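Novice: Okay, so here is start.cif, and as you'll see once you scroll down, it has mmCIF, C-alpha atoms.
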data_final
#
loop_
_atom_site.group_PDB
_atom_site.id
_atom_site.type_symbol
_atom_site.label_atom_id
_atom_site.label_comp_id
_atom_site.auth_asym_id
_atom_site.auth_seq_id
_atom_site.Cartn_x
_atom_site.Cartn_y
_atom_site.Cartn_z
ATOM 1 C CA MET A 159 -4.990 -6.751 -40.502
ATOM 2 C CA ASN A 160 -5.367 -3.356 -38.898
ATOM 3 C CA LYS A 161 -2.582 -0.881 -39.850
ATOM 4 C CA ARG A 162 -2.259 0.287 -36.239
ATOM 5 C CA LEU A 163 -1.646 -3.277 -35.104
ATOM 6 C CA LEU A 164 1.082 -3.718 -37.742
ATOM 7 C CA VAL A 165 2.776 -0.488 -36.649
ATOM 8 C CA LEU A 166 2.627 -1.559 -32.981
ATOM 9 C CA MET A 167 4.074 -4.966 -33.847
ATOM 10 C CA PHE A 168 6.922 -3.296 -35.783
ATOM 11 C CA ILE A 169 7.681 -0.956 -32.853
ATOM 12 C CA ALA A 170 7.641 -3.930 -30.453
ATOM 13 C CA VAL A 171 10.123 -5.849 -32.623
ATOM 14 C CA VAL A 172 12.450 -2.837 -32.858
ATOM 15 C CA PHE A 173 12.188 -2.274 -29.090
ATOM 16 C CA ALA A 174 12.842 -5.944 -28.364
ATOM 17 C CA THR A 175 15.843 -5.966 -30.718
ATOM 18 C CA LYS A 176 17.331 -2.923 -28.972
ATOM 19 C CA SER A 177 16.483 -4.256 -25.479
ATOM 20 C CA PHE A 178 18.049 -7.672 -26.034
ATOM 21 C CA ALA A 179 21.226 -6.369 -27.668
ATOM 22 C CA GLY A 180 24.126 -8.066 -25.905
ATOM 23 C CA LEU A 181 21.894 -10.675 -24.292
ATOM 24 C CA PHE A 182 23.460 -13.491 -26.287
ATOM 25 C CA ASP A 183 27.045 -12.273 -25.999
ATOM 26 C CA GLY A 184 29.534 -14.323 -24.088
ATOM 27 C CA PRO A 185 30.480 -17.976 -24.066
ATOM 28 C CA ARG A 186 27.987 -20.789 -24.374
ATOM 29 C CA MET A 187 27.020 -22.171 -20.970
ATOM 30 C CA ASP A 188 27.266 -25.942 -20.978
ATOM 31 C CA PHE A 189 25.933 -27.906 -18.052
ATOM 32 C CA THR A 190 28.813 -29.091 -15.897
ATOM 33 C CA ARG A 191 26.483 -31.147 -13.714
ATOM 34 C CA PRO A 192 22.962 -32.486 -14.146
ATOM 35 C CA GLU A 193 20.440 -29.699 -13.782
ATOM 36 C CA MET A 194 16.687 -29.756 -13.207
ATOM 37 C CA ILE A 195 14.582 -26.866 -14.504
ATOM 38 C CA ILE A 196 11.016 -26.347 -13.285
ATOM 39 C CA SER A 197 8.725 -23.934 -15.132
ATOM 40 C CA LEU A 198 5.204 -22.825 -14.251
ATOM 41 C CA GLY A 199 3.158 -21.032 -16.865
ATOM 42 C CA TYR A 200 -0.161 -19.664 -17.981
ATOM 43 C CA GLY A 201 -0.925 -20.021 -21.680
ATOM 44 C CA VAL A 202 -3.101 -18.129 -24.097
ATOM 45 C CA PRO A 203 -6.332 -20.080 -24.602
ATOM 46 C CA TYR A 204 -8.127 -20.620 -27.875
ATOM 47 C CA PRO A 205 -11.711 -20.004 -26.823
ATOM 48 C CA ILE A 206 -14.244 -21.735 -29.034
ATOM 49 C CA TYR A 207 -16.561 -18.761 -28.732
ATOM 50 C CA ASN A 208 -14.897 -17.648 -31.980
ATOM 51 C CA ASP A 209 -16.592 -20.690 -33.506
ATOM 52 C CA LEU A 210 -19.978 -19.931 -31.946
ATOM 53 C CA GLY A 211 -20.477 -16.882 -34.162
ATOM 54 C CA ASN A 212 -22.951 -14.250 -33.000
ATOM 55 C CA VAL A 213 -24.718 -16.240 -30.292
ATOM 56 C CA ALA A 214 -26.841 -13.919 -28.172
ATOM 57 C CA GLY A 215 -26.227 -13.705 -24.446
ATOM 58 C CA LEU A 216 -22.885 -15.512 -24.559
ATOM 59 C CA HIS A 217 -20.948 -15.498 -21.282
ATOM 60 C CA LEU A 218 -17.522 -17.123 -20.988
ATOM 61 C CA GLN A 219 -15.370 -18.078 -17.995
ATOM 62 C CA PHE A 220 -12.125 -20.000 -18.321
ATOM 63 C CA LEU A 221 -9.017 -20.975 -16.392
ATOM 64 C CA GLY A 222 -5.803 -21.771 -18.174
ATOM 65 C CA PRO A 223 -4.190 -23.344 -19.824
ATOM 66 C CA LEU A 224 -2.077 -23.810 -16.719
ATOM 67 C CA GLN A 225 1.238 -25.524 -17.326
ATOM 68 C CA ALA A 226 3.837 -27.214 -15.157
ATOM 69 C CA LYS A 227 7.022 -28.310 -16.893
ATOM 70 C CA PHE A 228 10.167 -29.955 -15.678
ATOM 71 C CA GLU A 229 13.331 -30.686 -17.578
ATOM 72 C CA TYR A 230 16.399 -32.735 -16.695
ATOM 73 C CA GLN A 231 19.486 -31.629 -18.620
ATOM 74 C CA LEU A 232 21.205 -34.610 -20.247
ATOM 75 C CA THR A 233 23.879 -32.576 -22.043
ATOM 76 C CA GLY A 234 24.571 -28.934 -22.808
ATOM 77 C CA TYR A 235 22.248 -29.226 -25.780
ATOM 78 C CA THR A 236 19.479 -31.654 -24.799
ATOM 79 C CA GLY A 237 17.062 -32.162 -21.967
ATOM 80 C CA ILE A 238 14.144 -34.490 -21.285
ATOM 81 C CA GLY A 239 11.196 -34.032 -19.005
ATOM 82 C CA GLY A 240 7.477 -33.737 -18.757
ATOM 83 C CA VAL A 241 4.572 -31.341 -19.108
ATOM 84 C CA VAL A 242 1.213 -31.235 -17.337
ATOM 85 C CA ASN A 243 -1.434 -28.944 -18.891
ATOM 86 C CA TYR A 244 -4.866 -28.089 -17.467
ATOM 87 C CA PHE A 245 -7.668 -26.054 -19.048
ATOM 88 C CA THR A 246 -11.319 -25.508 -18.179
ATOM 89 C CA ALA A 247 -13.961 -23.321 -19.826
ATOM 90 C CA ASP A 248 -17.644 -22.621 -19.133
ATOM 91 C CA TYR A 249 -19.867 -21.149 -21.844
ATOM 92 C CA HIS A 250 -23.395 -19.990 -21.043
ATOM 93 C CA TRP A 251 -25.846 -18.421 -23.490
ATOM 94 C CA ASN A 252 -29.568 -17.961 -24.090
ATOM 95 C CA ASN A 253 -29.712 -17.246 -27.844
ATOM 96 C CA ASN A 254 -32.459 -14.635 -27.287
ATOM 97 C CA SER A 255 -34.838 -17.238 -25.930
ATOM 98 C CA LYS A 256 -36.266 -18.156 -22.550
ATOM 99 C CA TYR A 257 -33.990 -21.218 -22.388
ATOM 100 C CA ASN A 258 -30.437 -21.377 -21.088
ATOM 101 C CA TYR A 259 -27.630 -23.403 -22.634
ATOM 102 C CA SER A 260 -24.307 -24.434 -21.146
ATOM 103 C CA LEU A 261 -21.120 -26.037 -22.435
ATOM 104 C CA ASN A 262 -18.355 -27.031 -20.021
ATOM 105 C CA ILE A 263 -14.950 -28.183 -21.245
ATOM 106 C CA LEU A 264 -12.243 -29.801 -19.123
ATOM 107 C CA THR A 265 -8.862 -30.789 -20.566
ATOM 108 C CA LEU A 266 -5.900 -32.434 -18.843
ATOM 109 C CA SER A 267 -2.746 -33.695 -20.528
ATOM 110 C CA VAL A 268 0.468 -35.340 -19.376
ATOM 111 C CA LEU A 269 3.241 -35.294 -21.967
ATOM 112 C CA PHE A 270 6.836 -36.502 -22.320
ATOM 113 C CA ARG A 271 9.014 -33.644 -23.568
ATOM 114 C CA MET A 272 12.414 -33.210 -25.162
ATOM 115 C CA ASN A 273 14.183 -29.871 -25.633
ATOM 116 C CA TYR A 274 17.128 -28.934 -27.824
ATOM 117 C CA HIS A 275 19.001 -25.844 -26.529
ATOM 118 C CA PHE A 276 20.717 -24.003 -29.344
ATOM 119 C CA VAL A 277 21.685 -20.870 -27.371
ATOM 120 C CA ARG A 278 22.575 -20.948 -23.689
ATOM 121 C CA THR A 279 24.341 -18.086 -21.888
ATOM 122 C CA GLN A 280 24.309 -16.923 -18.270
ATOM 123 C CA LYS A 281 21.206 -14.809 -18.930
ATOM 124 C CA ALA A 282 19.426 -16.517 -21.841
ATOM 125 C CA ASP A 283 18.402 -20.006 -22.893
ATOM 126 C CA VAL A 284 16.792 -20.422 -26.320
ATOM 127 C CA TYR A 285 15.396 -23.843 -27.151
ATOM 128 C CA LEU A 286 13.166 -25.912 -29.407
ATOM 129 C CA GLY A 287 10.818 -28.333 -27.651
ATOM 130 C CA ALA A 288 8.625 -31.222 -28.708
ATOM 131 C CA ALA A 289 6.260 -33.289 -26.572
ATOM 132 C CA ILE A 290 3.896 -36.202 -26.986
ATOM 133 C CA GLY A 291 1.682 -38.043 -24.533
ATOM 134 C CA TYR A 292 -1.791 -38.550 -23.078
ATOM 135 C CA ARG A 293 -4.618 -36.019 -23.329
ATOM 136 C CA GLN A 294 -8.129 -36.208 -21.960
ATOM 137 C CA SER A 295 -10.748 -33.645 -22.900
ATOM 138 C CA ASN A 296 -14.430 -33.890 -21.972
ATOM 139 C CA TRP A 297 -17.323 -31.741 -23.129
ATOM 140 C CA TYR A 298 -20.503 -31.470 -21.044
ATOM 141 C CA TYR A 299 -23.535 -29.855 -22.676
ATOM 142 C CA SER A 300 -26.794 -29.079 -20.882
ATOM 143 C CA SER A 301 -29.903 -26.960 -21.367
ATOM 144 C CA ASP A 302 -33.328 -26.388 -19.879
ATOM 145 C CA ASP A 303 -34.740 -26.391 -23.431
ATOM 146 C CA PRO A 304 -37.018 -29.470 -23.725
ATOM 147 C CA LYS A 305 -35.940 -29.907 -27.362
ATOM 148 C CA SER A 306 -32.263 -30.018 -26.466
ATOM 149 C CA ALA A 307 -30.798 -33.175 -24.936
ATOM 150 C CA ALA A 308 -27.909 -32.987 -22.474
ATOM 151 C CA TYR A 309 -24.807 -34.992 -23.277
ATOM 152 C CA SER A 310 -21.257 -35.661 -22.196
ATOM 153 C CA ARG A 311 -18.556 -36.846 -24.566
ATOM 154 C CA PRO A 312 -14.809 -37.012 -24.903
ATOM 155 C CA GLU A 313 -13.386 -34.608 -27.463
ATOM 156 C CA GLY A 314 -10.839 -35.773 -30.002
ATOM 157 C CA THR A 315 -8.236 -38.438 -29.495
ATOM 158 C CA PRO A 316 -6.522 -39.376 -26.233
ATOM 159 C CA TYR A 317 -3.185 -38.216 -27.647
ATOM 160 C CA GLY A 318 -1.574 -34.858 -27.054
ATOM 161 C CA ALA A 319 1.404 -33.215 -28.732
ATOM 162 C CA GLU A 320 3.145 -29.888 -28.931
ATOM 163 C CA ILE A 321 6.072 -28.297 -30.702
ATOM 164 C CA THR A 322 7.414 -24.988 -29.434
ATOM 165 C CA VAL A 323 10.278 -22.577 -29.589
ATOM 166 C CA GLY A 324 11.029 -20.858 -26.321
ATOM 167 C CA MET A 325 13.331 -18.632 -24.370
ATOM 168 C CA ARG A 326 14.203 -18.388 -20.708
ATOM 169 C CA TYR A 327 15.671 -15.190 -19.309
ATOM 170 C CA TYR A 328 17.436 -15.577 -15.965
ATOM 171 C CA PHE A 329 17.478 -12.632 -13.568
ATOM 172 C CA VAL A 330 19.651 -14.670 -11.222
ATOM 173 C CA PRO A 331 20.979 -18.210 -11.775
ATOM 174 C CA TRP A 332 18.005 -19.816 -10.005
ATOM 175 C CA PHE A 333 15.103 -17.584 -11.150
ATOM 176 C CA GLY A 334 13.876 -16.275 -14.480
ATOM 177 C CA LEU A 335 10.963 -15.897 -16.874
ATOM 178 C CA TYR A 336 10.145 -17.935 -19.944
ATOM 179 C CA ALA A 337 8.028 -17.525 -23.049
ATOM 180 C CA GLU A 338 7.087 -20.095 -25.667
ATOM 181 C CA ALA A 339 5.304 -19.988 -28.982
ATOM 182 C CA GLY A 340 4.191 -22.904 -31.078
ATOM 183 C CA ALA A 341 1.434 -25.352 -31.828
ATOM 184 C CA ALA A 342 -0.155 -27.642 -29.254
ATOM 185 C CA LYS A 343 -2.994 -30.097 -28.953
ATOM 186 C CA SER A 344 -2.548 -30.634 -25.262
#
Spell out the structure here as structure tokens.
Specialist:
Amino acid sequence: MNKRLLVLMFIAVVFATKSFAGLFDGPRMDFTRPEMIISLGYGVPYPIYNDLGNVAGLHLQFLGPLQAKFEYQLTGYTGIGGVVNYFTADYHWNNNSKYNYSLNILTLSVLFRMNYHFVRTQKADVYLGAAIGYRQSNWYYSSDDPKSAAYSRPEGTPYGAEITVGMRYYFVPWFGLYAEAGAAKS
């Protein structure tokens, strides 16, 4: 890994540690009444162009993953809910030839989710989440190359899952930002 990137990551961790000092102070906030949390997000995609190698004339357009999450608090520590994820990508390339190639990917998933909240204060909510459910992903390939046949096929299994650790930061009791990191096939 690049030394500059490591130094920047170290500085970011130190800055974040100093910035969030005191964030988790204070009593734990337990839910005194049922609460519904709605989160809208934009994820970091894993573009498959990394897998395409050095394909000449590669052009990529994508949207998402877009995420909509809702959570109903059962107790001060647990919540259940759902997740809807959407992702689309369009790859176009010519491979230094007179022919054009195209790959379109569309993914939609609907998952049941459960969160465990291990830190909850007035400003911060740190949680571990797991989800499982339905996932549909279709790949559409086409080309004007006479030796290349167009096709459409589903990708993978119809099951989606994710496991994440996340944090919500509330500016006011009804509005905040969230960030999650983890693994997902959704």
Novice: Determine the residue set returned by the PyMOL selection byres ((chain A and resi 287-297) around 7) for the present structure, and present it as a ChimeraX atom specification.
Specialist: /A:261-274,285-286,298-299,310-313,316-323,344
Novice: So what do you get for CA of Ser260 (chain A) versus CA of Tyr244 (chain A), distance-wise?
Specialist: 20.1 Å
Novice: What's the separation between CA of Thr246 (chain A) and CA of Ala337 (chain A), in Å to one decimal place?
Specialist: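 For CA of Thr246 (chain A) relative to CA of Ala337 (chain A), the distance reads 21.5 Å.
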Novice: Under the PyMOL selection byres ((chain A and resi 218) around 6), which residues of this model are included? Write them out as a list in words.
Specialist: His217, Gln219, Asp248 and Tyr249 of chain A
Novice: How far is it from CA of Thr279 (chain A) to CA of Gly239 (chain A), in Å with one decimal?
Specialist: 20.9 Å
Novice: Can you turn the PyMOL selection byres ((chain A and resi 335) around 10) into a concrete residue list for this file, as a ChimeraX atom specification?
Specialist: /A:197-199,282,325-329,333-334,336-337
Novice: Write the residues of the preceding selection, restricted to C-alpha atoms, as a tab-separated table (two decimals), in the frame of the given file.
Specialist:
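Once written, out-v3.tsv looks like this:
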chain	number	residue	atom	x	y	z
A	197	SER	CA	8.72	-23.93	-15.13
A	198	LEU	CA	5.20	-22.82	-14.25
A	199	GLY	CA	3.16	-21.03	-16.86
A	282	ALA	CA	19.43	-16.52	-21.84
A	325	MET	CA	13.33	-18.63	-24.37
A	326	ARG	CA	14.20	-18.39	-20.71
A	327	TYR	CA	15.67	-15.19	-19.31
A	328	TYR	CA	17.44	-15.58	-15.96
A	329	PHE	CA	17.48	-12.63	-13.57
A	333	PHE	CA	15.10	-17.58	-11.15
A	334	GLY	CA	13.88	-16.27	-14.48
A	336	TYR	CA	10.14	-17.93	-19.94
A	337	ALA	CA	8.03	-17.52	-23.05
Novice: Around (12.2, -31.0, -15.2), as given in the file, which residues come within 7 Å? Count only C-alpha atoms and list them as JSON, numbers by chain.
Specialist: {"A": [194, 195, 196, 227, 228, 229, 230, 239, 240]}
Novice: Can you tell me, as a PDB file with C-alpha atoms, keeping the file's coordinate frame, what residues are no more than 9 Å from Tyr259 (chain A) when counting all atoms listed in the file, ignoring any on the same chain fewer than 5 positions away?
Specialist:
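File written: part.pdb
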ATOM      1  CA  TYR A 249     -19.867 -21.149 -21.844  1.00  0.00           C
ATOM      2  CA  HIS A 250     -23.395 -19.990 -21.043  1.00  0.00           C
ATOM      3  CA  TRP A 251     -25.846 -18.421 -23.490  1.00  0.00           C
ATOM      4  CA  ASN A 252     -29.568 -17.961 -24.090  1.00  0.00           C
ATOM      5  CA  ASN A 253     -29.712 -17.246 -27.844  1.00  0.00           C
ATOM      6  CA  TYR A 299     -23.535 -29.855 -22.676  1.00  0.00           C
ATOM      7  CA  SER A 300     -26.794 -29.079 -20.882  1.00  0.00           C
ATOM      8  CA  SER A 301     -29.903 -26.960 -21.367  1.00  0.00           C
ATOM      9  CA  ASP A 302     -33.328 -26.388 -19.879  1.00  0.00           C
ATOM     10  CA  ASP A 303     -34.740 -26.391 -23.431  1.00  0.00           C
ATOM     11  CA  SER A 306     -32.263 -30.018 -26.466  1.00  0.00           C
TER      12      SER A 306
END
Novice: Looking at only C-alpha atoms, which of A:Asp283, A:Gly201, A:Lys343, A:Ala308 is the one that sits closest to Pro331 (chain A)?
Specialist: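 That would be A:Asp283, the residue with the smallest distance to Pro331 (chain A).
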